[in-house]
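Q: Below is the structure I would like to discuss, written out as structure tokens.
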Protein chains: 2
Amino acid sequence: MAEGKLTIRQIAKLAGVSRSTASRVLNNRPNVSPGMRERVQKVIAETGYVPDPIARSLSSRRSKIIGLVIPLAIQSLFEDPFFPRLMQGISQGCNDHDHTLSLFLFHSEEEERKLYHRISRNRLLDGVIVTATRTDDPLIPQLIANRVPFVMHGRHEDPRVSFVEVDNETGAYTAVTHLVRLGRQRIALITGPAASLAAEDRKQGYLKALQERRVRIDESLIVQGDFTETSGYEAMLRLLPHEPAAVFVASDTMALGALRALREAGKRVPDEVALIGFDDMPQATTAHPPLTTIRQPIQQTGVLAVEMLMDILENGAEPSRRIILPTELVIRASCGSRLVG
Amino acid sequence: MAEGKLTIRQIAKLAGVSRSTASRVLNNRPNVSPGMRERVQKVIAETGYVPDPIARSLSSRRSKIIGLVIPLAIQSLFEDPFFPRLMQGISQGCNDHDHTLSLFLFHSEEEERKLYHRISRNRLLDGVIVTATRTDDPLIPQLIANRVPFVMHGRHEDPRVSFVEVDNETGAYTAVTHLVRLGRQRIALITGPAASLAAEDRKQGYLKALQERRVRIDESLIVQGDFTETSGYEAMLRLLPHEPAAVFVASDTMALGALRALREAGKRVPDEVALIGFDDMPQATTAHPPLTTIRQPIQQTGVLAVEMLMDILENGAEPSRRIILPTELVIRASCGSRLVG
DNA sequence: ATGAAAGCGCTAACAT
DNA sequence: ATGTTAGCGCTTTCAT
């Protein structure tokens, strides 16, 4: 079976056609007679031939590889269950569209700088998906300057940037409104890092919900975390002296931390303090008590990010695209009511 | 600055040398006079030229891309904090060795089959890292048959397979011995899936520790989980009627589930039931009570897997390599003693 | 030490 | 509908 290396030349020879014809059937292109097509396909099947993607890339100028870049600035979050979900979605999108996924993580600023340069100037990647990062992450302008097609996962303020995100503000608004309707006073907020637009949007949703209900904003009821469990724990500790009756926590992971602080302080949830998280991670279900939360379709955002990128690859980056997906309130025990608000 | 597309030809022209010379300095090869070398380097720096990796790959037959394959069989575990850690290690290894990492996940058996075929026959990847999977995963023989250099993360029984793993048996042995020394009777085991060699090795360690102390093995104290939190919970539920005084749980994630079952059953940990997990995940520290566990150097195994693969790439796959890393007992509150056994 | 030239395996424009 | 041919951008003999 293995007569010489298996190249399109071999296939063409074995099928008794020219390389172009072999190439045509390989790429499912028209202008091949049914008989020829079948003959070539038979040879391909028999030999198990797979065209060399490198050679293909060189001549077609499309590598069919896209990069997923997770900047250093948010790598502390990489252990959050959020990422596996996102990666599953992105991987699925890639597989669906017959592309290979490359993953870029960094372990020092120097490494990041070096790879940012490569990613933007290299022609290895057809396009890039960048996860939400500091708004001033230098990768974004670099990608734009070098005309590398890319999509952000999470919104970005530059109007030229295409992104897919989730309606964080409305999600947070829904959560807080739910707490208000349940009659909770003194609703606190554990927010995410200041540099995160998602965190910022969730904070806006919180503020909007309270303002709409004419509730005075109490700054001492707003503390900042960084999306990690520990930061949720510490934030709750700082909140405790101010006696919140409810807390909207900007991520489930932080909510788990808050829950831990509450348990150690002997506070009953939801009786004394009601809690609502954000994300709807698997752990939300098994938490004690189970966490009411705002579900966001993470995996789907991954699939859509790939789809958006494919669209850009085919039709150009302009005009920029935006997709904003809705969230959903999932009521469990931690908010003190199974009533839908 | 941008006169024509930036190719090695341009660089050579700008530096006033031939392409060969430009190529030599690009690849840090000898036989270039210092003066020439400097001139070329200057041009490269000024233009920000990055050689096209695709063209490079085609002519050098080395893509500098390695694949990380996570088979469908274990994708339910992909949300375990284990994976981000592993991926960070592997990514670090790749960056250190100037290689790109591609990630392969699957979402159906058909997709897996198709991609297995490509991965093995494609010359896109220089090599592959495969995470521990079913012992009969068809990928392994396919990679061998097609002479694709690869390394397994987790041991494999085929003697031709190179792998890096952790000393699971000794780790488990240490954990159980610790429980014995603390005077616990009726030490139970929550094990991982039968198809997992790591789970099997941990079970062997459990058995060995008990046998060595002449403790009778009680089959009703051995229940199987699948490494997920829920399975740990359910396993503990099944264990409860048999009144174990201690449980060695084959992963921290399952231990968290066991802890939940224990809490709901009103059992005090460690007073009534002592617990030791495996992995030393971040959650082990913040669990209630904090989890005594067997720490395994996950990230390091990732780095080493890449290093082993690089070695194979340079020096051939034979003889097969094996690295087995030691584990470490980390004593916290859940085992009922801070005494080192 | 340097350069000329032959590929690497494929796609795509062009010719038939 | 099919075949011929010229690259894609680089590495790598082989001359010099």
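We name chains A, B, ... following the order of the structure tokens; residues begin at 1 in each chain, and ligands are numbered from 1 as shown.
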Write out as a ChimeraX atom specification each polymer residue whose atoms come within 12 Å of DC14 in chain C, counting only C-alpha atoms (C1' of nucleotides); drop sequence neighbours fewer than 6 positions from it.
A: /D:3-6
Q: Convert the current residue selection to file output with C-alpha atoms (C1' of nucleotides), as a CSV table (one decimal), in the first residue's frame.
A:
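Saved to out-v7.csv:
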chain,number,residue,atom,x,y,z
D,3,DG,C1',-4.0,18.8,-17.8
D,4,DT,C1',0.2,21.9,-17.6
D,5,DT,C1',2.7,25.0,-15.1
D,6,DA,C1',4.0,28.5,-12.1
Q: Apply DSSP to the structure's backbone, then extract all residues of range 30-197 of chain B labelled helix (DSSP H, G or I) and return them as a PyMOL selection string.
A: chain B and resi 34-47+53-60+72-77+82-96+109-121+139-145+168-181+197
Q: Select residues of chain D: the criterion is any atom within 7 Å of an atom of chain B, counting only C-alpha atoms (C1' of nucleotides); output as a count of residues only.
A: 3
Q: Quick one: residues within 12 Å of DT16 in chain D, only C-alpha atoms (C1' of nucleotides), excluding same-chain residues fewer than 2 positions away - as number ranges by chain?
A: C: 1-4; D: 14
Q: For the residues in that selection, give me N, CA and C atoms (P, O5', C5', C4', C3', O3' and C1' of nucleotides) as a tab-separated table (two decimals), in the first residue's frame.
A:
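So result17.tsv came out as:
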chain	number	residue	atom	x	y	z
C	1	DA	P	33.29	30.67	8.37
C	1	DA	O5'	33.01	31.70	7.18
C	1	DA	C5'	33.51	33.02	7.18
C	1	DA	C4'	33.09	33.64	5.90
C	1	DA	C3'	31.62	34.04	5.84
C	1	DA	O3'	31.51	35.23	5.08
C	1	DA	C1'	32.04	32.40	4.19
C	2	DT	P	30.18	36.00	4.95
C	2	DT	O5'	29.59	35.37	3.64
C	2	DT	C5'	29.95	35.96	2.40
C	2	DT	C4'	29.39	35.13	1.27
C	2	DT	C3'	27.89	35.27	1.04
C	2	DT	O3'	27.71	36.22	0.01
C	2	DT	C1'	28.73	33.08	0.60
C	3	DG	P	26.21	36.54	-0.48
C	3	DG	O5'	26.03	35.43	-1.61
C	3	DG	C5'	26.97	35.38	-2.67
C	3	DG	C4'	26.56	34.30	-3.64
C	3	DG	C3'	25.09	34.36	-4.10
C	3	DG	O3'	25.05	34.09	-5.49
C	3	DG	C1'	25.55	32.23	-3.21
C	4	DA	P	23.79	34.42	-6.32
C	4	DA	O5'	23.67	33.14	-7.26
C	4	DA	C5'	24.75	32.19	-7.31
C	4	DA	C4'	24.26	30.91	-7.98
C	4	DA	C3'	22.90	30.98	-8.66
C	4	DA	O3'	22.91	30.05	-9.73
C	4	DA	C1'	22.74	29.55	-6.79
D	14	DC	P	24.61	16.96	-1.89
D	14	DC	O5'	25.16	18.15	-2.82
D	14	DC	C5'	24.32	18.66	-3.85
D	14	DC	C4'	24.98	19.88	-4.47
D	14	DC	C3'	26.48	19.74	-4.66
D	14	DC	O3'	26.81	19.99	-6.02
D	14	DC	C1'	25.95	21.80	-3.64
Q: Using only C-alpha atoms, determine which residues of chain A fall within 9 Å of chain B; present them as a count of residues only.
A: 50
Q: Find the distance between CA of Thr253 in chain B and CA of Ala255 in chain A and write it in Å to one decimal.
A: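 One can read the CA of Thr253 in chain B to CA of Ala255 in chain A distance as 18.3 Å.
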Q: I'd like the neighbourhood of DT2 in chain D as an mmCIF file with C-alpha atoms (C1' of nucleotides), in the first residue's frame, where a residue qualifies if any of its atoms comes within 12 Å (using only C-alpha atoms (C1' of nucleotides)), though same-chain residues fewer than 2 positions away should be ignored.
A:
data_model
loop_
_atom_site.group_PDB
_atom_site.id
_atom_site.type_symbol
_atom_site.label_atom_id
_atom_site.label_comp_id
_atom_site.auth_asym_id
_atom_site.auth_seq_id
_atom_site.Cartn_x
_atom_site.Cartn_y
_atom_site.Cartn_z
ATOM 1 C CA GLY A 16 -4.694 7.723 -13.484
ATOM 2 C CA VAL A 17 -5.505 11.433 -13.471
ATOM 3 C CA SER A 18 -3.606 14.683 -13.213
ATOM 4 C CA ARG A 19 -2.735 16.348 -9.951
ATOM 5 C CA SER A 20 -5.231 19.125 -10.640
ATOM 6 C CA THR A 21 -8.063 16.679 -10.946
ATOM 7 C CA ALA A 22 -6.987 14.951 -7.769
ATOM 8 C CA SER A 23 -6.845 18.331 -6.086
ATOM 9 C CA ARG A 24 -10.306 19.152 -7.338
ATOM 10 C CA PRO A 30 -16.800 21.193 -9.546
ATOM 11 C CA ASN A 31 -15.601 20.374 -13.037
ATOM 12 C CA VAL A 32 -14.804 16.752 -12.412
ATOM 13 C CA SER A 33 -16.764 14.023 -14.125
ATOM 14 C CA MET A 36 -13.139 10.370 -12.313
ATOM 15 C CA ARG A 37 -14.290 11.709 -9.002
ATOM 16 C "C1'" DA C 15 -4.375 26.411 -21.562
ATOM 17 C "C1'" DT C 16 -6.536 22.853 -23.984
ATOM 18 C "C1'" DT D 4 0.206 21.929 -17.563
#
Q: Per residue of chain C within 6 Å of chain A, record the nearest atom pair and its distance in Å to one decimal, counting only C-alpha atoms (C1' of nucleotides), with rows in chain order and ascending residue number, as CSV.
A:
residue,atom,partner,partner_atom,distance
C:DG9,C1',A:Ala55,CA,4.9
C:DC10,C1',A:Arg56,CA,4.8
C:DT11,C1',A:Ser59,CA,5.4
Q: Any chance you could list, as a list in words, the residues in range 17-158 of chain B that come up strand (DSSP E or B) when DSSP is run on the backbone?
A: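 The strand (DSSP E or B) subset of range 17-158 of chain B is Ile65, Ile66, Gly67, Leu68, Val69, Thr100, Leu101, Ser102, Leu103, Phe104, Gly127, Val128, Ile129, Val130, Thr131, Phe150, Val151, Met152 and His153 of chain B.
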Q: As an exercise, work out the distance from CA of Val69 in chain A to CA of Leu304 in chain A in Å and give it to one decimal place.
A: 16.2 Å
Q: Which polymer residues have any atom within 7 Å of an atom of range 320-324 of chain B, counting only C-alpha atoms (C1' of nucleotides), with same-chain residues fewer than 2 positions away left out, as a ChimeraX atom specification?
A: /B:160-167,317-318,326
Q: Keeping only C-alpha atoms, take the residues you just selected and write them out as a short mmCIF file (atom, residue, chain, number, x, y, z; two decimals), in the first residue's frame.
A:
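File out.cif, as written:
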data_model
loop_
_atom_site.label_atom_id
_atom_site.label_comp_id
_atom_site.auth_asym_id
_atom_site.auth_seq_id
_atom_site.Cartn_x
_atom_site.Cartn_y
_atom_site.Cartn_z
CA ARG B 160 6.56 0.95 23.46
CA VAL B 161 4.71 3.87 25.01
CA SER B 162 6.65 6.67 26.66
CA PHE B 163 4.91 8.42 29.48
CA VAL B 164 5.16 10.65 32.49
CA GLU B 165 3.08 9.91 35.49
CA VAL B 166 2.88 10.25 39.19
CA ASP B 167 3.48 7.48 41.68
CA ALA B 317 11.20 7.14 20.20
CA GLU B 318 13.32 4.20 21.24
CA PRO B 326 6.71 11.29 43.69
#
